[in-house]
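A.B. asks: Input entry-v8.txt, format and content: compact mmCIF, C-alpha atoms.
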# COMPACT_ATOMS: atom_id res chain seq x y z
CA MET A 1 33.56 76.21 42.11
CA ARG A 2 36.40 75.98 44.69
CA GLN A 3 33.83 75.13 47.35
CA LEU A 4 32.44 72.40 45.14
CA ARG A 5 35.95 70.95 44.69
CA ALA A 6 36.58 71.12 48.45
CA SER A 7 33.41 69.21 49.26
CA SER A 8 34.30 66.60 46.62
CA ILE A 9 37.74 66.09 48.23
CA ALA A 10 36.10 65.51 51.59
CA LEU A 11 33.90 62.82 50.04
CA LEU A 12 36.69 61.11 48.12
CA SER A 13 37.60 58.59 50.83
CA CYS A 14 33.94 57.66 51.19
CA VAL A 15 33.72 56.93 47.48
CA PHE A 16 36.70 54.58 47.67
CA VAL A 17 34.92 52.70 50.44
CA ILE A 18 31.81 52.50 48.31
CA VAL A 19 33.74 51.23 45.30
CA ASN A 20 35.41 48.50 47.36
CA ALA A 21 32.17 47.52 49.01
CA GLY A 22 30.34 47.23 45.67
CA THR A 23 27.41 49.27 46.87
CA CYS A 24 25.40 51.85 44.92
CA LEU A 25 25.87 55.58 44.56
CA SER A 26 22.18 56.03 45.13
CA GLU A 27 22.66 54.83 48.69
CA GLY A 28 23.65 58.12 50.29
CA ARG A 29 26.01 59.43 47.59
CA ALA A 30 25.12 63.07 47.12
CA PHE A 31 27.60 65.67 45.85
CA ASP A 32 27.48 69.42 46.30
CA CYS A 33 26.50 71.27 43.14
CA LEU A 34 25.50 74.72 41.95
CA LEU A 35 22.65 75.78 39.66
CA GLU A 36 23.88 78.33 37.13
CA PRO A 37 22.25 80.13 34.19
CA ARG A 38 22.49 78.38 30.87
CA LEU A 39 23.70 81.63 29.33
CA LYS A 40 24.70 84.97 30.79
CA ILE A 41 25.08 87.82 28.33
CA LYS A 42 26.27 91.38 28.87
CA LEU A 43 24.40 93.49 26.33
CA ALA A 44 26.08 96.57 24.89
CA THR A 45 25.37 98.83 21.94
CA PRO A 46 27.41 98.53 18.73
CA VAL A 47 27.27 102.32 18.34
CA ALA A 48 27.70 105.06 20.92
CA GLY A 49 24.83 107.34 21.85
CA VAL A 50 22.41 108.57 24.48
CA LEU A 51 19.84 106.07 25.71
CA LYS A 52 16.30 107.15 24.94
CA ASP A 53 14.60 104.38 26.90
CA VAL A 54 15.36 101.16 28.80
CA PRO A 55 11.91 99.60 29.28
CA VAL A 56 13.04 96.65 31.43
CA ASP A 57 14.46 96.39 34.95
CA ARG A 58 16.24 93.78 37.02
CA GLY A 59 14.10 90.68 37.33
CA SER A 60 12.05 91.39 34.20
CA ILE A 61 11.14 88.29 32.21
CA ILE A 62 12.15 88.74 28.59
CA HIS A 63 11.70 86.82 25.36
CA LYS A 64 13.81 86.58 22.25
CA GLY A 65 13.11 89.60 20.04
CA ASP A 66 11.88 91.87 22.86
CA LEU A 67 12.99 95.51 22.86
CA LEU A 68 15.43 96.01 25.74
CA ALA A 69 16.88 99.45 25.02
CA GLN A 70 16.59 102.27 22.49
CA LEU A 71 19.15 104.94 21.65
CA GLU A 72 18.17 108.42 20.46
CA SER A 73 17.66 107.95 16.72
CA GLY A 74 15.95 111.03 15.27
CA VAL A 75 18.77 111.79 12.82
CA GLU A 76 19.02 108.17 11.68
CA LYS A 77 15.24 107.97 11.15
CA ALA A 78 15.34 111.13 9.02
CA GLN A 79 18.18 109.69 6.94
CA LEU A 80 16.16 106.53 6.34
CA ASP A 81 13.10 108.54 5.28
CA LEU A 82 15.25 110.54 2.83
CA ALA A 83 16.81 107.38 1.39
CA GLU A 84 13.39 105.77 0.96
CA ALA A 85 12.07 108.86 -0.83
CA ARG A 86 14.99 108.76 -3.26
CA ALA A 87 14.56 105.04 -3.86
CA GLU A 88 10.85 105.44 -4.56
CA SER A 89 11.38 108.25 -7.07
CA ASP A 90 11.84 106.64 -10.50
CA ALA A 91 11.02 109.80 -12.45
CA GLY A 92 14.57 110.04 -13.78
CA VAL A 93 14.43 106.51 -15.16
CA LYS A 94 10.97 107.00 -16.68
CA SER A 95 11.94 110.23 -18.46
CA ARG A 96 15.07 108.66 -19.93
CA GLU A 97 13.14 105.57 -21.00
CA ALA A 98 10.71 107.86 -22.84
CA ARG A 99 13.62 109.66 -24.55
CA VAL A 100 15.22 106.37 -25.60
CA LEU A 101 11.87 105.23 -27.04
CA PHE A 102 11.50 108.51 -28.94
CA LEU A 103 15.03 108.34 -30.33
CA THR A 104 14.56 104.68 -31.29
CA LYS A 105 11.63 105.59 -33.49
CA LYS A 106 13.45 108.66 -34.85
CA ARG A 107 16.47 106.49 -35.63
CA GLU A 108 14.31 104.03 -37.57
CA ARG A 109 12.67 106.82 -39.58
CA THR A 110 15.99 108.50 -40.31
CA ARG A 111 17.54 105.19 -41.44
CA THR A 112 14.61 104.65 -43.83
CA LEU A 113 15.04 108.16 -45.24
CA SER A 114 18.79 107.67 -45.50
CA GLU A 115 18.29 104.48 -47.52
CA LYS A 116 16.14 106.51 -49.92
CA SER A 117 18.82 109.22 -50.03
CA ILE A 118 16.41 111.72 -48.50
CA ALA A 119 18.28 112.15 -45.20
CA THR A 120 21.99 113.03 -45.24
CA ALA A 121 24.73 110.97 -43.63
CA ALA A 122 25.35 113.82 -41.16
CA THR A 123 21.73 113.68 -40.03
CA MET A 124 21.99 109.93 -39.54
CA GLU A 125 25.21 110.30 -37.50
CA GLU A 126 23.57 112.95 -35.31
CA VAL A 127 20.58 110.69 -34.59
CA GLU A 128 22.88 107.75 -33.80
CA SER A 129 24.86 109.95 -31.42
CA ASP A 130 21.72 111.16 -29.63
CA PHE A 131 20.48 107.59 -29.35
CA ALA A 132 23.77 106.39 -27.80
CA VAL A 133 23.85 109.26 -25.31
CA ALA A 134 20.22 108.62 -24.32
CA GLY A 135 20.98 104.93 -23.75
CA GLN A 136 23.92 105.84 -21.52
CA GLU A 137 21.80 108.31 -19.55
CA LEU A 138 19.15 105.61 -19.03
CA ARG A 139 21.71 103.14 -17.70
CA GLU A 140 23.06 105.83 -15.39
CA ALA A 141 19.57 106.60 -14.07
CA GLN A 142 18.91 102.90 -13.49
CA SER A 143 22.22 102.57 -11.65
CA ASN A 144 21.39 105.58 -9.46
CA LEU A 145 18.05 103.98 -8.57
CA ARG A 146 19.80 100.77 -7.52
CA ILE A 147 22.24 102.78 -5.42
CA ALA A 148 19.30 104.56 -3.79
CA GLY A 149 17.94 101.12 -2.84
CA LEU A 150 21.28 100.24 -1.26
CA ASP A 151 21.21 103.53 0.64
CA VAL A 152 17.86 102.45 2.10
CA ALA A 153 19.38 99.16 3.25
CA ARG A 154 22.34 100.99 4.80
CA ALA A 155 20.15 103.56 6.56
CA SER A 156 17.91 100.77 7.86
CA GLU A 157 20.91 98.95 9.31
CA VAL A 158 22.22 102.14 10.95
CA LEU A 159 18.80 102.70 12.53
CA ARG A 160 18.55 99.03 13.60
CA GLN A 161 21.86 99.29 15.46
CA ARG A 162 20.30 101.88 17.76
CA THR A 163 17.78 99.34 19.00
CA ILE A 164 18.88 96.62 21.43
CA ILE A 165 16.88 93.40 21.00
CA SER A 166 16.99 90.37 23.30
CA PRO A 167 18.82 87.42 21.67
CA ILE A 168 17.39 84.88 24.16
CA ASP A 169 14.49 84.02 26.42
CA GLY A 170 15.37 84.70 30.02
CA VAL A 171 15.47 87.34 32.74
CA VAL A 172 17.28 90.62 33.32
CA ALA A 173 19.97 89.84 35.89
CA GLU A 174 21.33 93.39 36.14
CA ARG A 175 20.60 96.80 34.62
CA SER A 176 23.62 99.09 34.51
CA LEU A 177 22.32 102.09 32.53
CA VAL A 178 18.99 103.91 32.28
CA GLY A 179 17.39 106.35 29.87
CA GLY A 180 19.35 109.57 29.44
CA GLU A 181 22.75 108.00 30.13
CA TYR A 182 25.51 107.68 27.54
CA ALA A 183 26.08 104.17 26.20
CA TYR A 184 29.04 102.90 24.20
CA GLU A 185 30.64 99.64 23.14
CA GLN A 186 32.60 98.99 26.36
CA ALA A 187 29.76 99.88 28.72
CA PRO A 188 27.17 97.08 29.04
CA ILE A 189 23.62 98.35 29.33
CA MET A 190 22.45 95.25 31.16
CA THR A 191 23.15 91.60 31.85
CA ILE A 192 20.57 89.01 30.86
CA ALA A 193 20.48 85.34 31.78
CA GLN A 194 18.82 82.27 30.33
CA ILE A 195 17.64 80.10 33.22
CA ASP A 196 15.53 77.60 31.32
CA PRO A 197 17.27 75.22 31.22
CA LEU A 198 19.78 75.54 34.06
CA ASN A 199 23.33 74.27 34.16
CA VAL A 200 24.12 72.03 37.12
CA GLU A 201 27.85 72.25 37.86
CA VAL A 202 29.40 69.59 40.09
CA PHE A 203 32.87 68.22 40.83
CA VAL A 204 33.15 64.53 41.69
CA PRO A 205 36.06 62.23 42.61
CA ILE A 206 38.10 60.56 39.90
CA ALA A 207 36.74 57.17 41.02
CA LEU A 208 33.55 58.00 39.12
CA TYR A 209 35.23 58.90 35.81
CA ASP A 210 34.35 55.64 34.06
CA ILE A 211 30.96 55.41 35.73
CA VAL A 212 29.22 58.70 34.94
CA LYS A 213 28.36 58.94 31.23
CA ILE A 214 26.92 61.64 28.98
CA GLY A 215 23.16 61.24 28.75
CA MET A 216 22.90 59.67 32.23
CA LYS A 217 20.04 60.85 34.45
CA ALA A 218 20.68 62.20 37.93
CA ILE A 219 18.59 63.58 40.78
CA VAL A 220 19.15 67.21 41.79
CA ALA A 221 17.85 68.44 45.14
CA GLY A 222 17.66 72.19 45.71
CA GLU A 223 18.85 73.87 48.91
CA GLN A 224 16.16 74.88 51.38
CA PRO A 225 13.90 76.77 51.54
CA VAL A 226 13.49 76.31 47.76
CA GLY A 227 13.98 72.54 48.00
CA GLY A 228 12.48 70.17 45.45
CA ARG A 229 13.89 67.15 43.62
CA TYR A 230 14.41 67.28 39.87
CA THR A 231 15.79 65.08 37.12
CA ALA A 232 18.80 66.39 35.21
CA THR A 233 20.82 64.93 32.34
CA VAL A 234 24.60 64.74 32.14
CA GLU A 235 25.62 66.98 29.24
CA LEU A 236 29.37 67.44 29.61
CA ILE A 237 32.23 65.65 31.34
CA ASP A 238 35.50 67.54 31.66
CA PRO A 239 38.28 65.75 29.74
CA VAL A 240 40.89 67.30 32.10
CA ILE A 241 41.13 66.07 35.70
CA ASP A 242 42.33 68.37 38.48
CA SER A 243 45.42 66.54 39.79
CA ARG A 244 45.54 68.42 43.10
CA SER A 245 42.05 67.57 44.22
CA GLY A 246 41.62 64.33 42.29
CA THR A 247 38.28 65.54 40.94
CA PHE A 248 36.75 66.36 37.58
CA GLY A 249 33.86 68.54 36.55
CA ILE A 250 30.47 67.48 35.27
CA ARG A 251 27.75 69.67 33.81
CA LEU A 252 24.15 68.53 33.81
CA LEU A 253 21.17 70.09 32.09
CA LEU A 254 18.10 70.77 34.21
CA PRO A 255 14.82 71.87 32.56
CA ASN A 256 13.32 74.87 34.35
CA PRO A 257 9.90 75.64 32.86
CA ASN A 258 8.45 79.01 33.85
CA ASN A 259 11.79 79.85 35.53
CA LYS A 260 10.51 78.13 38.67
CA ILE A 261 13.97 77.37 40.10
CA PRO A 262 16.24 80.37 40.77
CA ALA A 263 19.78 80.35 39.37
CA GLY A 264 22.66 80.55 41.84
CA LEU A 265 21.02 78.03 44.16
CA ARG A 266 23.19 75.46 45.93
CA CYS A 267 22.10 71.87 45.47
CA LYS A 268 22.94 68.20 45.87
CA VAL A 269 23.18 65.77 42.98
CA GLU A 270 22.88 61.99 43.13
CA PHE A 271 23.93 59.62 40.35
CA PRO A 272 21.68 56.56 40.75
CA VAL A 273 24.00 53.98 39.16
CA ALA A 274 25.57 50.84 40.54
CA VAL A 275 29.32 50.72 41.08
CA GLN A 276 30.84 47.43 39.96
The structure in this file should be written as structure tokens.
C.D. replies:
Amino acid sequence: MRQLRASSIALLSCVFVIVNAGTCLSEGRAFDCLLEPRLKIKLATPVAGVLKDVPVDRGSIIHKGDLLAQLESGVEKAQLDLAEARAESDAGVKSREARVLFLTKKRERTRTLSEKSIATAATMEEVESDFAVAGQELREAQSNLRIAGLDVARASEVLRQRTIISPIDGVVAERSLVGGEYAYEQAPIMTIAQIDPLNVEVFVPIALYDIVKIGMKAIVAGEQPVGGRYTATVELIDPVIDSRSGTFGIRLLLPNPNNKIPAGLRCKVEFPVAVQ
């Protein structure tokens, strides 16, 4: 970025001449720029552990959702299997439902007999007590089954955290760890970059502040031997001007299908607009 500012300072006097002459920027006005990744992400694991596998290497093309790294997860997988087995077992609920049904019918029969003075009040109280206890046991069994379901969700999340998935489409810019190494939160496993689209970063003289607008098209020419001329769109204009250099930053967005243009490439950008 400092080099971009320096080149912009050198061109500043030329721009003043252009402004006074009323000519066009497209007539020889090219500013140094740099093609940078749209995003650059250092991927780390949210939990510490030994890496089982890192199936990608530097330069690998990746897509959102791809598996990038896997921690050893045998214990976590076993815990998930156990939680799922508990959640699928509803025998406790079924048995208590059957008991509640039995005691409901018994309660009805005993009440009928009590109304006819055949069953004693003590018998009726005992049946009512058994019915209440059975209802409580059923609710407890149902609650335990719901908790077992939550245990499955928790175990699934713990297991998921041991798998590193790509959050973007892009390329692997750097791989820092490989299978068998110890990974933790502060040690990035790899750095990935999104290079479609690319950011075009350029610093231009303050004379252009009211001329260049967001949404404006510009021509970007890549440094040789890559070369090529491409159309980019102004996406961001810095609201703060660097007082020392008399320049301000502009970011353009350059589509890069199939990752054809490499990031990190120096370039020239032309703003084909007339200066009044």
A.B. asks: Here is a test: counting all atoms listed in the file, which residue of A:Tyr182, A:Tyr209, A:Phe131, A:Phe203 is nearest to Ala30 in chain A?
C.D. replies: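 Using all atoms listed in the file, the shortest distance to Ala30 in chain A belongs to A:Phe203.
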A.B. asks: Considering all atoms listed in the file, can you say which of A:Val234, A:Leu150, A:Leu34, A:Leu43 comes closest to Ala183 in chain A?
C.D. replies: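 The answer is A:Leu43, which sits nearest to Ala183 in chain A.
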A.B. asks: From the set A:Arg160, A:Arg251, A:Arg244, A:Arg229, which residue has the shortest atom-to-atom contact distance to Ile214 in chain A, counting all atoms listed in the file?
C.D. replies: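 Under the stated criterion, the closest residue is A:Arg251.
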A.B. asks: Near Glu36 in chain A, counting only C-alpha atoms, which residues have an atom at most 10 Å away, once you skip same-chain residues fewer than 6 positions from it, shown as JSON, numbers by chain?
C.D. replies: {"A": [193, 194, 195, 197, 198, 199, 200, 201, 254, 262, 263, 264, 265, 266]}
A.B. asks: What's the separation between CA of Asp32 in chain A and CA of Val171 in chain A, in Å to one decimal place?
C.D. replies: 25.5 Å
A.B. asks: Applying 12 Å and all atoms listed in the file, which residues near Pro188 in chain A remain after dropping the ones on its own chain fewer than 4 positions away? List them as a VMD selection string.
C.D. replies: chain A and resid 41 to 48 69 164 174 to 178 181 to 184 192
A.B. asks: Box time for range 107-116 of chain A: axis-aligned, enclosing all its listed atoms, 8 Å extra on each side; report centre and edge lengths in Å to one decimal, as lines of an AutoDock Vina configuration file.
C.D. replies:
center_x = 15.7
center_y = 106.3
center_z = -42.8
size_x = 22.1
size_y = 20.5
size_z = 30.3
